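> If it helps, the file is called coords19.txt and holds compact mmCIF, C-alpha atoms and all ligand atoms:
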# COMPACT_ATOMS: atom_id res chain seq x y z
CA MET A 1406 20.07 12.74 -10.42
CA ASN A 1407 19.00 16.25 -9.56
CA HIS A 1408 17.37 16.89 -6.24
CA TYR A 1409 15.54 19.86 -4.98
CA LEU A 1410 18.11 20.56 -2.32
CA PHE A 1411 17.49 22.64 0.76
CA SER A 1412 18.42 26.28 0.25
CA SER A 1413 19.12 29.19 2.57
CA ASN A 1414 15.82 31.01 2.04
CA MET A 1415 13.82 28.04 3.35
CA LYS A 1416 12.37 28.17 6.82
CA LEU A 1417 14.35 26.04 9.23
CA ALA A 1418 11.13 24.73 10.77
CA ASP A 1419 9.99 23.47 7.36
CA ILE A 1420 13.07 21.38 6.73
CA ILE A 1421 12.88 19.89 10.24
CA MET A 1422 9.24 19.01 9.62
CA SER A 1423 10.28 17.32 6.39
CA ASN A 1424 12.88 15.15 8.12
CA TYR A 1425 13.06 14.79 11.88
CA ARG A 1426 16.59 13.33 11.68
CA LEU A 1427 17.81 16.90 11.10
CA LEU A 1428 17.01 17.54 14.77
CA SER A 1429 20.33 15.94 15.63
CA VAL A 1430 22.11 18.41 13.34
CA LEU A 1431 20.68 21.41 15.21
CA SER A 1432 22.36 20.76 18.53
CA ARG A 1433 25.68 20.21 16.78
CA PHE A 1434 25.44 23.79 15.52
CA ASN A 1435 24.18 25.08 18.89
CA ILE A 1436 20.79 25.95 17.44
CA ASN A 1437 18.02 25.71 20.01
CA LEU A 1438 14.42 24.99 19.14
CA GLY A 1439 11.95 27.85 19.28
CA PHE A 1440 13.25 29.73 16.23
CA GLY A 1441 9.77 30.58 14.96
CA ASP A 1442 9.54 31.22 11.22
CA LYS A 1443 13.16 32.24 10.68
CA THR A 1444 14.88 31.15 7.50
CA ILE A 1445 18.12 29.17 7.47
CA ASN A 1446 19.89 32.30 6.29
CA GLU A 1447 18.56 34.41 9.20
CA ILE A 1448 19.45 31.83 11.82
CA CYS A 1449 22.95 31.25 10.47
CA GLU A 1450 23.61 34.98 10.45
CA GLN A 1451 22.27 35.45 13.96
CA LYS A 1452 24.23 32.49 15.35
CA HIS A 1453 27.39 33.13 13.28
CA ILE A 1454 27.15 29.72 11.68
CA SER A 1455 28.59 29.02 8.24
CA GLU A 1456 25.54 28.78 6.04
CA ASP A 1457 27.35 26.73 3.38
CA LEU A 1458 28.42 24.11 5.88
CA PHE A 1459 25.03 23.96 7.60
CA LEU A 1460 23.19 23.51 4.32
CA MET A 1461 25.70 20.96 3.04
CA ILE A 1462 25.32 18.85 6.18
CA CYS A 1463 21.52 19.09 6.13
CA ASN A 1464 21.49 18.07 2.47
CA VAL A 1465 23.79 15.09 3.10
CA TYR A 1466 21.55 14.01 5.98
CA ASN A 1467 18.38 14.31 3.96
CA PHE A 1468 19.20 13.23 0.41
CA LYS A 1469 20.92 9.89 0.48
CA ASP A 1470 22.37 10.21 -3.02
CA TYR A 1471 23.58 13.76 -2.59
CA LEU A 1472 27.27 14.58 -2.52
CA PRO A 1473 28.64 18.11 -2.87
CA THR A 1474 31.10 18.84 -5.68
CA ILE A 1475 34.74 19.51 -4.87
CA GLU A 1476 34.19 23.19 -5.72
CA GLU A 1477 31.43 23.35 -3.12
CA ILE A 1478 33.56 21.47 -0.60
CA LYS A 1479 36.35 24.02 -1.05
CA THR A 1480 34.05 26.78 0.22
CA ILE A 1481 33.90 25.06 3.62
CA GLU A 1482 36.03 26.23 6.53
CA ILE A 1483 37.80 23.14 7.69
CA ASN A 1484 37.87 24.16 11.35
CA GLU A 1485 34.12 24.49 11.40
CA LEU A 1486 33.74 21.09 9.80
CA ILE A 1487 36.04 19.54 12.40
CA SER A 1488 34.21 21.18 15.24
CA PHE A 1489 30.97 19.72 13.86
CA LEU A 1490 32.55 16.26 13.73
CA LYS A 1491 33.88 16.62 17.28
CA LYS A 1492 30.45 17.58 18.57
CA SER A 1493 29.08 14.50 16.86
CA HIS A 1494 31.70 12.29 18.51
CA ASN A 1495 30.80 13.73 21.87
CA LEU A 1496 27.10 13.02 21.33
CA PHE A 1497 27.81 9.49 20.12
CA ILE A 1498 29.60 8.63 23.34
CA ASN A 1499 27.74 10.69 25.91
CA GLN A 1500 24.25 10.44 24.52
CA ASP A 1501 23.59 7.74 21.91
CA ILE A 1502 25.74 4.97 23.34
CA LYS A 1503 24.64 5.80 26.90
CA GLU A 1504 20.99 5.56 25.91
CA ILE A 1505 21.54 2.28 24.11
CA GLU A 1506 23.37 0.93 27.17
CA ASN A 1507 20.50 1.98 29.43
CA SER A 1508 17.95 0.40 27.12
CA LEU A 1509 19.99 -2.77 26.89
CA ASN A 1510 20.35 -2.98 30.67
CA LYS A 1511 16.63 -2.44 31.16
CA MET A 1512 15.78 -5.06 28.60
CA CYS A 1513 18.16 -7.56 30.15
CA SER A 1514 16.85 -6.93 33.66
CA CYS A 1515 13.33 -7.77 32.51
CA CYS A 1516 14.16 -11.20 31.16
CA SER A 1517 16.35 -14.08 32.17
CA GLY A 1518 18.76 -16.39 30.40
CA ASN A 1519 22.45 -17.03 30.15
CA HIS A 1520 22.69 -15.26 26.79
CA LEU A 1521 22.19 -11.84 28.41
CA SER A 1522 25.71 -11.55 29.73
CA LEU A 1523 26.95 -12.28 26.23
CA LEU A 1524 24.70 -9.62 24.78
CA MET A 1525 26.09 -7.08 27.26
CA LYS A 1526 29.61 -8.24 26.48
CA PHE A 1527 28.92 -7.85 22.77
CA PHE A 1528 27.91 -4.24 23.26
CA GLU A 1529 30.78 -3.52 25.64
CA ASP A 1530 33.26 -4.72 23.03
CA TYR A 1531 31.49 -2.73 20.38
CA LYS A 1532 31.62 0.38 22.53
CA LYS A 1533 35.39 -0.05 22.93
CA GLU A 1534 35.72 -0.33 19.18
CA VAL A 1535 33.78 2.90 18.67
CA ILE A 1536 35.82 4.73 21.31
CA ASN A 1537 39.06 3.59 19.64
CA HIS A 1538 37.83 4.75 16.26
CA LEU A 1539 36.84 8.19 17.56
CA ASN A 1540 40.01 8.52 19.64
CA TYR A 1541 42.18 7.91 16.62
CA GLU A 1542 40.43 10.69 14.77
CA GLU A 1543 40.64 13.09 17.71
CA THR A 1544 44.25 12.40 18.63
CA VAL A 1545 45.85 11.77 15.23
CA VAL A 1546 43.73 12.92 12.29
CA PHE A 1547 42.29 16.19 13.57
CA PRO A 1548 45.58 17.43 15.11
CA TYR A 1549 47.32 16.60 11.82
CA ILE A 1550 44.79 18.68 9.90
CA ASP A 1551 45.20 21.47 12.42
CA SER A 1552 48.98 21.57 11.93
CA LEU A 1553 48.57 21.34 8.20
CA THR A 1554 46.32 24.40 8.05
CA LYS A 1555 48.66 26.33 10.32
CA ASN A 1556 51.57 25.45 8.01
CA LYS A 1557 53.35 23.82 10.86
CA GLU A 1558 55.76 20.93 10.40
CA VAL A 1559 53.82 17.71 9.86
CA ASN A 1560 55.67 14.49 10.33
CA ASN A 1561 55.13 12.05 7.50
CA TYR A 1562 51.42 11.68 7.98
CA HIS A 1563 49.08 11.92 5.02
CA ILE A 1564 45.32 11.96 4.92
CA ASN A 1565 45.35 8.89 2.65
CA GLN A 1566 46.57 6.89 5.65
CA PHE A 1567 43.30 7.82 7.32
CA GLU A 1568 41.38 7.10 4.14
CA GLU A 1569 42.81 3.58 3.94
CA ASN A 1570 42.33 2.74 7.61
CA HIS A 1571 38.99 4.39 8.20
CA THR A 1572 37.04 1.46 9.63
CA ASN A 1573 33.34 0.88 9.40
CA ILE A 1574 31.78 1.03 12.85
CA GLU A 1575 28.13 0.92 11.88
CA ASP A 1576 27.85 -2.55 10.31
CA LYS A 1577 28.33 -4.44 13.55
CA LEU A 1578 25.12 -2.93 14.88
CA SER A 1579 23.27 -5.02 12.31
CA ASP A 1580 24.32 -8.17 14.17
CA LEU A 1581 22.74 -6.83 17.32
CA LYS A 1582 19.61 -5.74 15.47
CA ASN A 1583 19.20 -9.17 13.92
CA ILE A 1584 19.65 -10.95 17.23
CA ILE A 1585 17.09 -8.72 18.92
CA ILE A 1586 14.58 -8.83 16.09
CA LYS A 1587 14.82 -12.50 15.21
CA TYR A 1588 16.46 -14.62 17.85
CA LEU A 1589 15.82 -13.44 21.41
CA PRO A 1590 12.94 -15.45 22.94
CA GLU A 1591 9.53 -13.94 22.33
CA ILE A 1592 8.84 -13.32 26.00
CA CYS A 1593 11.87 -11.06 26.38
CA SER A 1594 10.47 -7.62 27.45
CA PRO A 1595 8.74 -6.41 24.27
CA GLU A 1596 8.57 -2.69 25.17
CA GLN A 1597 12.22 -2.33 26.11
CA ARG A 1598 13.19 -4.37 23.13
CA THR A 1599 11.35 -2.07 20.73
CA MET A 1600 12.86 0.99 22.39
CA LEU A 1601 16.34 -0.49 22.14
CA LEU A 1602 15.84 -1.34 18.48
CA GLN A 1603 14.66 2.15 17.60
CA ARG A 1604 17.79 3.55 19.23
CA LEU A 1605 20.01 1.10 17.37
CA PHE A 1606 18.43 2.00 14.04
CA LEU A 1607 18.86 5.73 14.69
CA PHE A 1608 22.43 5.37 15.90
CA GLN A 1609 23.40 3.27 12.91
CA GLU A 1610 22.00 5.91 10.58
CA GLU A 1611 23.87 8.65 12.47
CA LEU A 1612 27.15 6.74 12.16
CA PHE A 1613 26.51 6.08 8.50
CA THR A 1614 25.96 9.76 7.71
CA HIS A 1615 28.93 10.71 9.88
CA SER A 1616 31.27 8.47 7.94
CA ILE A 1617 29.96 9.84 4.65
CA ILE A 1618 30.82 13.33 5.87
CA GLU A 1619 34.31 12.15 6.81
CA ASP A 1620 34.94 10.13 3.65
CA LYS A 1621 33.31 12.37 1.08
CA ILE A 1622 33.78 15.85 2.49
CA LEU A 1623 36.59 15.92 5.07
CA ILE A 1624 39.07 13.70 3.22
CA PRO A 1625 38.68 15.39 -0.21
CA LEU A 1626 39.03 18.80 1.44
CA VAL A 1627 42.23 17.79 3.24
CA GLU A 1628 43.59 16.30 0.02
CA GLU A 1629 43.09 19.67 -1.63
CA ILE A 1630 44.94 21.39 1.22
CA GLU A 1631 47.78 18.87 0.95
CA LYS A 1632 48.01 19.69 -2.77
CA GLY A 1633 48.68 23.27 -1.78
CA TYR A 1634 45.25 24.75 -1.77
CA ASP A 1635 45.09 27.53 0.83
CA ALA A 1636 42.66 26.54 3.53
CA LYS A 1637 40.14 29.06 4.66
CA MET B 1113 21.98 -17.10 -41.34
CA MET B 1114 21.60 -16.81 -37.58
CA GLN B 1115 19.09 -14.16 -36.76
CA ASN B 1116 19.42 -12.23 -33.55
CA LYS B 1117 16.92 -13.51 -31.00
CA GLN B 1118 14.55 -10.79 -29.83
CA TYR B 1119 12.51 -11.58 -26.74
CA ARG B 1120 8.86 -10.55 -26.86
CA VAL B 1121 8.15 -8.28 -23.90
CA VAL B 1122 4.72 -7.55 -22.42
CA VAL B 1123 4.22 -4.97 -19.68
CA ILE B 1124 1.40 -5.35 -17.16
CA GLU B 1125 1.15 -1.99 -15.43
CA PRO B 1126 -1.62 0.56 -14.86
CA SER B 1127 0.37 3.78 -15.40
CA PRO B 1128 0.62 4.99 -19.03
CA ILE B 1129 3.65 7.09 -18.10
CA ILE B 1130 5.55 4.06 -16.85
CA ILE B 1131 4.50 1.93 -19.81
CA SER B 1132 5.72 4.57 -22.29
CA GLY B 1133 8.96 4.80 -20.34
CA ILE B 1134 9.67 1.08 -20.54
CA LYS B 1135 8.62 0.94 -24.15
CA HIS B 1136 10.97 3.79 -24.96
CA LEU B 1137 13.86 2.18 -23.06
CA ILE B 1138 13.72 -1.16 -24.86
CA GLU B 1139 12.49 0.04 -28.24
CA ASN B 1140 15.89 0.33 -29.89
CA SER B 1141 17.34 -2.73 -28.22
CA LYS B 1142 18.49 -5.63 -30.35
CA ASP B 1143 17.49 -8.09 -27.62
CA PHE B 1144 13.91 -7.09 -26.93
CA LEU B 1145 10.73 -6.52 -28.84
CA TYR B 1146 7.95 -4.61 -27.12
CA VAL B 1147 4.70 -6.33 -28.10
CA GLY B 1148 2.12 -4.68 -25.90
CA SER B 1149 0.85 -3.70 -22.50
CA ILE B 1150 -2.06 -4.60 -20.26
CA ALA B 1151 -3.38 -2.15 -17.67
CA ASP B 1152 -5.31 -4.43 -15.32
CA MET B 1153 -5.82 -8.08 -14.42
CA GLU B 1154 -9.22 -8.62 -16.02
CA PHE B 1155 -9.29 -11.51 -18.49
CA LEU B 1156 -5.53 -11.49 -18.18
CA ILE B 1157 -4.89 -14.90 -19.74
CA GLN B 1158 -7.18 -14.23 -22.68
CA ARG B 1159 -5.49 -10.92 -23.40
CA LEU B 1160 -1.99 -12.19 -22.79
CA THR B 1161 -2.15 -15.32 -24.97
CA PRO B 1162 -2.21 -13.67 -28.42
CA LEU B 1163 0.78 -11.52 -27.46
CA ARG B 1164 2.92 -14.69 -27.03
CA PRO B 1165 5.10 -13.11 -24.31
CA GLU B 1166 8.59 -14.38 -23.54
CA ILE B 1167 9.22 -11.81 -20.82
CA ILE B 1168 6.38 -10.50 -18.68
CA ILE B 1169 7.11 -7.33 -16.74
CA ILE B 1170 4.47 -6.86 -14.06
CA ASN B 1171 3.90 -4.44 -11.24
CA PRO B 1172 3.20 -6.76 -8.25
CA SER B 1173 0.86 -4.18 -6.69
CA ILE B 1174 -1.58 -4.79 -9.52
CA ILE B 1175 -2.01 -8.43 -8.51
CA ASP B 1176 -4.86 -9.13 -6.13
CA PHE B 1177 -3.39 -9.24 -2.65
CA HIS B 1178 -4.38 -12.86 -1.99
CA LYS B 1179 -2.89 -14.09 -5.25
CA ARG B 1180 0.47 -12.36 -4.82
CA SER B 1181 1.97 -15.32 -3.04
CA SER B 1182 1.44 -17.58 -6.06
CA VAL B 1183 2.66 -15.58 -9.01
CA HIS B 1184 3.73 -18.63 -10.96
CA SER B 1185 0.34 -20.30 -10.82
CA LEU B 1186 -1.11 -17.06 -12.14
CA PHE B 1187 1.04 -17.41 -15.24
CA GLN B 1188 1.11 -21.20 -15.45
CA ASN B 1189 0.01 -21.10 -19.09
CA PHE B 1190 3.17 -19.17 -19.82
CA SER B 1191 5.74 -21.34 -18.12
CA ASP B 1192 8.31 -20.52 -20.82
CA ALA B 1193 8.06 -16.80 -20.13
CA SER B 1194 10.15 -15.20 -17.43
CA ILE B 1195 8.29 -13.01 -14.96
CA VAL B 1196 9.96 -9.78 -13.87
CA ALA B 1197 8.66 -7.53 -11.10
CA LEU B 1198 8.48 -3.78 -11.66
CA CYS B 1199 8.57 -2.02 -8.29
CA TYR B 1200 7.96 1.52 -7.29
CA ASN B 1201 6.61 0.99 -3.84
CA PHE B 1202 7.24 -1.46 -1.05
CA ILE B 1203 6.68 -5.11 -1.94
CA ASP B 1204 7.21 -7.90 0.56
CA SER B 1205 10.48 -9.75 -0.10
CA ASN B 1206 8.65 -13.08 0.16
CA ILE B 1207 6.57 -12.05 -2.82
CA LEU B 1208 9.55 -10.71 -4.75
CA LYS B 1209 11.38 -14.03 -4.29
CA GLN B 1210 9.02 -15.60 -6.79
CA PHE B 1211 10.09 -13.40 -9.66
CA ASP B 1212 12.89 -14.12 -12.13
CA GLY B 1213 14.08 -10.52 -11.86
CA ILE B 1214 13.28 -7.19 -10.25
CA ILE B 1215 13.29 -3.79 -11.92
CA GLU B 1216 13.29 -0.79 -9.63
CA ILE B 1217 11.91 2.49 -10.80
CA ASN B 1218 15.28 4.27 -10.57
CA ASP B 1219 17.24 1.60 -12.44
CA GLU B 1220 19.26 2.75 -15.42
CA LYS B 1221 18.67 1.47 -18.94
CA LEU B 1222 21.67 -0.85 -18.86
CA LYS B 1223 20.66 -2.38 -15.56
CA ILE B 1224 17.11 -2.99 -16.78
CA GLU B 1225 18.43 -4.73 -19.89
CA ASN B 1226 20.66 -6.95 -17.77
CA THR B 1227 17.78 -7.79 -15.44
CA LEU B 1228 15.64 -8.84 -18.40
CA ILE B 1229 18.37 -10.97 -20.01
CA ASN B 1230 19.22 -12.63 -16.69
CA SER B 1231 15.56 -13.33 -16.03
CA VAL B 1232 15.38 -15.43 -19.17
CA ASN B 1233 18.39 -17.49 -18.09
CA LYS B 1234 17.14 -17.83 -14.54
CA ASN B 1235 13.77 -19.05 -15.73
CA LYS B 1236 15.51 -21.74 -17.80
CA ASN B 1237 17.48 -22.99 -14.84
CA SER B 1238 14.48 -22.47 -12.54
CA GLU B 1239 16.46 -22.75 -9.36
CA THR B 1240 14.63 -23.62 -6.22
CA PRO B 1241 14.65 -20.65 -3.86
CA ASP B 1242 16.95 -21.39 -0.95
CA SER B 1243 15.62 -21.46 2.57
CA SER B 1244 16.86 -19.34 5.42
CA GLU B 1245 17.17 -22.40 7.66
CA LEU B 1246 20.77 -23.43 8.39
CA SER B 1247 21.73 -26.83 7.01
CA ASP B 1248 23.16 -29.46 9.39
CA ARG B 1249 26.62 -28.87 7.95
CA GLU B 1250 26.30 -25.12 8.46
CA LYS B 1251 25.23 -25.72 12.07
CA GLU B 1252 28.36 -27.82 12.68
CA ILE B 1253 30.55 -25.09 11.19
CA LEU B 1254 28.75 -22.47 13.24
CA ILE B 1255 29.46 -24.39 16.44
CA SER B 1256 33.16 -24.42 15.58
CA ILE B 1257 33.08 -20.68 14.87
CA ALA B 1258 31.38 -20.06 18.23
CA LYS B 1259 34.04 -22.12 19.96
CA GLY B 1260 36.57 -19.66 18.59
CA PHE B 1261 38.29 -21.77 15.93
CA GLN B 1262 39.92 -20.07 12.94
CA ASN B 1263 39.13 -20.99 9.33
CA LYS B 1264 42.23 -23.18 9.01
CA GLU B 1265 41.36 -25.14 12.18
CA ILE B 1266 37.74 -25.49 11.13
CA ALA B 1267 38.85 -26.87 7.76
CA ASP B 1268 41.01 -29.51 9.56
CA ILE B 1269 38.32 -30.47 12.07
CA HIS B 1270 35.65 -31.02 9.42
CA ASN B 1271 38.05 -32.30 6.81
CA ILE B 1272 37.10 -29.71 4.19
CA SER B 1273 39.02 -27.01 2.32
CA ILE B 1274 39.38 -23.46 3.65
CA HIS B 1275 37.53 -22.33 0.56
CA THR B 1276 34.53 -24.44 1.60
CA VAL B 1277 34.69 -23.07 5.15
CA ILE B 1278 34.57 -19.53 3.80
CA SER B 1279 31.62 -20.30 1.58
CA HIS B 1280 29.78 -21.89 4.53
CA ARG B 1281 30.50 -18.79 6.61
CA LYS B 1282 29.10 -16.58 3.87
CA ASN B 1283 25.92 -18.61 3.75
CA ILE B 1284 25.57 -18.58 7.53
CA THR B 1285 25.88 -14.79 7.54
CA ARG B 1286 23.45 -14.41 4.67
CA LYS B 1287 20.87 -16.59 6.41
CA THR B 1288 21.19 -15.20 9.93
CA GLY B 1289 22.11 -11.59 9.12
CA ILE B 1290 24.98 -11.90 11.62
CA LYS B 1291 28.62 -11.36 10.66
CA SER B 1292 30.77 -11.10 13.80
CA VAL B 1293 32.01 -14.11 15.74
CA SER B 1294 30.58 -12.73 18.97
CA GLY B 1295 27.19 -12.22 17.31
CA LEU B 1296 27.23 -15.75 15.88
CA THR B 1297 28.13 -17.12 19.31
CA ILE B 1298 25.03 -15.50 20.79
CA TYR B 1299 23.00 -16.96 17.94
CA ALA B 1300 24.38 -20.44 18.59
CA LEU B 1301 23.62 -20.13 22.29
CA LEU B 1302 20.09 -18.86 21.75
CA ASN B 1303 19.38 -21.75 19.40
CA ASN B 1304 20.84 -24.30 21.81
CA LEU B 1305 23.59 -25.32 19.42
CA ILE B 1306 26.08 -24.84 22.23
CA ASN B 1307 25.79 -24.22 25.96
CA GLN B 1308 27.65 -21.61 27.90
CA ASN B 1309 30.14 -24.05 29.46
CA GLU B 1310 31.42 -25.07 26.07
CA PHE B 1311 33.43 -21.94 25.45
CA SER B 1312 35.45 -19.55 27.51
FE FE A 1701 34.40 10.56 13.26
FE FE A 1702 35.18 7.98 11.45
If you took the structure in this file and wrote it as structure tokens, what would it be?
Ligand SMILES: [Fe+2]
Ligand SMILES: [Fe+2]


Amino acid sequence: MNHYLFSSNMKLADIIMSNYRLLSVLSRFNINLGFGDKTINEICEQKHISEDLFLMICNVYNFKDYLPTIEEIKTIEINELISFLKKSHNLFINQDIKEIENSLNKMCSCCSGNHLSLLMKFFEDYKKEVINHLNYEETVVFPYIDSLTKNKEVNNYHINQFEENHTNIEDKLSDLKNIIIKYLPEICSPEQRTMLLQRLFLFQEELFTHSIIEDKILIPLVEEIEKGYDAK
Amino acid sequence: MMQNKQYRVVVIEPSPIIISGIKHLIENSKDFLYVGSIADMEFLIQRLTPLRPEIIIINPSIIDFHKRSSVHSLFQNFSDASIVALCYNFIDSNILKQFDGIIEINDEKLKIENTLINSVNKNKNSETPDSSELSDREKEILISIAKGFQNKEIADIHNISIHTVISHRKNITRKTGIKSVSGLTIYALLNNLINQNEFS
């Protein structure tokens, strides 16, 4: 299916107005709000951001069926892609998960019941899982890619090992959503509960898009480099 | 000589663009015969009867809001026909449950054909829609899951095969929306199937 994708002569403000989820992309590229009527092209030039990467990410965020072709992926500088992914990891841990934890604590402090400790335990375990997932990428996968692009010796690792073991960390949030929507007693702090749910929905979507970027952009690009394609 | 059975299809839908699209999609099919369309619900039965439909494709939004929950009574004169929903905006899943099939606006030709064929078979079997309430057996299995038993142990405790345990687990997850053991434990606790002292 053909979409009318975002293009570089569009005003950045217009694409944000069309999908507020792109707000989370901005900070990952160090773009601050207040850019007036500048186009994507103007902002990328001013901020020394790769326009191709920025547009590709925005398009993946906005059009759920969109995937770039391998030719388009090959125009991406892999270091810039990795630095985007690292910024995302940082925000997941230091912003999204923190906010969810705060919301969860507030909700639990407003109601009583012996299930609350279990709910907190559930999220604690989940958080550990997420941290492990991100740590593996930061300490094994990204350094491997770095050595690969610098033509350094790489010991027996291949990106398909990552591909095969890349776990899904977003599905488990559905359990929590279902419990909070359907099964917590009705009296359990409605405002905090709604707030917590909104955060869970947003975070799940963020993780989903993040894993698409890793599975459908990062991995194919590294495969090309492994095949001998000269990385930019 | 056996002649290929062609099902008579009627489309109930206000948009001429959509009607032409469906007509075009099934026109050359050996399984379906497009026999006509109806744009609104007025005198529906009178207009539908001469068309002798075997598959009725209908946009649920066209049905009066209060009658949407009883689609089958609306078409009770056509109990042999399968009723397929055609959706291009949000329709409550409780309403969609009543249909023998669902076509979404972005579906491909092949998928639409499969939906129509399956709808005929489903209408013949006319399964009762399953509830989202856990059965007593499923509750027992859930308690064992919450207590931390593995599939093999659960099979021994309840004297059933592992295969049956797995199928119970699938149903429990489908009905509750919860997959993980820790999530199911919270569910069991909240529904008083277990109390906190029962597990470590
Ligand atoms: Fe990641
Ligand atoms: Fe990942």

> Taking all atoms listed in the file into account, report as a list in words which residues have an atom no farther than 8 Å from an atom of ligand FE 1702 (chain A).

His1538, Leu1539, Glu1542, His1571, Thr1572, Asn1573, Ile1574, His1615, Ser1616 and Glu1619 of chain A

> So how many Å separate atom CA of A:Phe1608 and atom CA of A:Asp1419, to one decimal?

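Taking atom CA of A:Phe1608 and atom CA of A:Asp1419, their separation equals 23.6 Å.
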
> Given the point (47.8, 6.4, 11.6) in the file's coordinates, find the residues that have an atom at most 9 Å from it, counting all atoms listed in the file, and give them as a ChimeraX atom specification.

/A:1541,1545-1546,1562-1563,1566-1567,1570

> Could you list, with a cut-off of 7 Å and counting only C-alpha atoms, the residues of chain B near chain A, each shown with its nearest atom pair and the distance in Å rounded to one decimal, rows sorted by chain and ascending number, as JSON lines?


{"residue": "B:Gly1289", "atom": "CA", "partner": "A:Asn1583", "partner_atom": "CA", "distance": 6.1}
{"residue": "B:Ile1290", "atom": "CA", "partner": "A:Asp1580", "partner_atom": "CA", "distance": 4.6}
{"residue": "B:Lys1291", "atom": "CA", "partner": "A:Asp1580", "partner_atom": "CA", "distance": 6.4}
{"residue": "B:Ser1294", "atom": "CA", "partner": "A:Phe1527", "partner_atom": "CA", "distance": 6.4}
{"residue": "B:Gly1295", "atom": "CA", "partner": "A:Asp1580", "partner_atom": "CA", "distance": 5.9}
{"residue": "B:Ile1298", "atom": "CA", "partner": "A:His1520", "partner_atom": "CA", "distance": 6.4}
{"residue": "B:Tyr1299", "atom": "CA", "partner": "A:Ile1584", "partner_atom": "CA", "distance": 6.9}
{"residue": "B:Leu1301", "atom": "CA", "partner": "A:His1520", "partner_atom": "CA", "distance": 6.7}
{"residue": "B:Leu1302", "atom": "CA", "partner": "A:His1520", "partner_atom": "CA", "distance": 6.7}

> Which residues are close to B:Glu1139, i.e. within 12 Å by all atoms listed in the file, leaving aside same-chain residues fewer than 5 positions away? Reply as a PyMOL selection string.

chain B and resi 1118-1121+1131-1134+1144-1148+1221+1225

> Kindly indicate which residue among B:Ile1224, B:Ile1168, B:Ile1203, B:Ile1130 lies nearest to B:Ser1191, using all atoms listed in the file for the distances.

B:Ile1168

> Please report the interatomic distance between atom CA of B:Phe1155 and atom CA of B:Asp1176 in Å with one decimal.

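That distance, rounded to one decimal, is 13.3 Å.
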
> Do you have the atom CA of A:Lys1443-atom CA of A:Asn1495 distance handy?

27.9 Å

> From the set A:Ser1412, A:Thr1444, A:Asn1537, A:Asn1499, which residue has the shortest atom-to-atom contact distance to ligand FE 1701 (chain A), counting all atoms listed in the file?

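So, comparing all the options, the nearest one is A:Asn1537.
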
> Give me the residues within 10 Å of stretch 1276-1283 of chain B as a tab-separated table (two decimals) with C-alpha atoms, in the coordinates of the input, counting all atoms listed in the file and dropping any in the same chain fewer than 2 places off.


chain	number	residue	atom	x	y	z
B	1244	SER	CA	16.86	-19.34	5.42
B	1246	LEU	CA	20.77	-23.43	8.39
B	1247	SER	CA	21.73	-26.83	7.01
B	1249	ARG	CA	26.62	-28.87	7.95
B	1250	GLU	CA	26.30	-25.12	8.46
B	1251	LYS	CA	25.23	-25.72	12.07
B	1253	ILE	CA	30.55	-25.09	11.19
B	1254	LEU	CA	28.75	-22.47	13.24
B	1257	ILE	CA	33.08	-20.68	14.87
B	1262	GLN	CA	39.92	-20.07	12.94
B	1263	ASN	CA	39.13	-20.99	9.33
B	1264	LYS	CA	42.23	-23.18	9.01
B	1265	GLU	CA	41.36	-25.14	12.18
B	1266	ILE	CA	37.74	-25.49	11.13
B	1267	ALA	CA	38.85	-26.87	7.76
B	1270	HIS	CA	35.65	-31.02	9.42
B	1271	ASN	CA	38.05	-32.30	6.81
B	1272	ILE	CA	37.10	-29.71	4.19
B	1273	SER	CA	39.02	-27.01	2.32
B	1274	ILE	CA	39.38	-23.46	3.65
B	1285	THR	CA	25.88	-14.79	7.54
B	1286	ARG	CA	23.45	-14.41	4.67
B	1287	LYS	CA	20.87	-16.59	6.41
B	1288	THR	CA	21.19	-15.20	9.93
B	1289	GLY	CA	22.11	-11.59	9.12
B	1290	ILE	CA	24.98	-11.90	11.62
B	1291	LYS	CA	28.62	-11.36	10.66

> With only C-alpha atoms counted, which protein, DNA or RNA residues have an atom no more than 12 Å from (13.0, -4.6, 23.4) in the file frame? Please answer as an NGL selection string.

:A and (1505 or 1507-1516 or 1581-1582 or 1584-1605)

> So which residues touch A:Glu1482 within 12 Å, counting all atoms listed in the file, skipping near sequence neighbours fewer than 3 positions away, as number ranges by chain?

A: 1454-1459, 1477-1479, 1485-1489, 1551, 1554, 1622-1623, 1626-1627, 1630, 1635-1637

> Write out the residues from the selection above, keeping C-alpha atoms, as a short mmCIF file (atom, residue, chain, number, x, y, z; two decimals), in the coordinates of the input.


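Below is the file that was written, part05.cif:
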data_model
loop_
_atom_site.label_atom_id
_atom_site.label_comp_id
_atom_site.auth_asym_id
_atom_site.auth_seq_id
_atom_site.Cartn_x
_atom_site.Cartn_y
_atom_site.Cartn_z
CA ILE A 1454 27.15 29.72 11.68
CA SER A 1455 28.59 29.02 8.24
CA GLU A 1456 25.54 28.78 6.04
CA ASP A 1457 27.35 26.73 3.38
CA LEU A 1458 28.42 24.11 5.88
CA PHE A 1459 25.03 23.96 7.60
CA GLU A 1477 31.43 23.35 -3.12
CA ILE A 1478 33.56 21.47 -0.60
CA LYS A 1479 36.35 24.02 -1.05
CA GLU A 1485 34.12 24.49 11.40
CA LEU A 1486 33.74 21.09 9.80
CA ILE A 1487 36.04 19.54 12.40
CA SER A 1488 34.21 21.18 15.24
CA PHE A 1489 30.97 19.72 13.86
CA ASP A 1551 45.20 21.47 12.42
CA THR A 1554 46.32 24.40 8.05
CA ILE A 1622 33.78 15.85 2.49
CA LEU A 1623 36.59 15.92 5.07
CA LEU A 1626 39.03 18.80 1.44
CA VAL A 1627 42.23 17.79 3.24
CA ILE A 1630 44.94 21.39 1.22
CA ASP A 1635 45.09 27.53 0.83
CA ALA A 1636 42.66 26.54 3.53
CA LYS A 1637 40.14 29.06 4.66
#
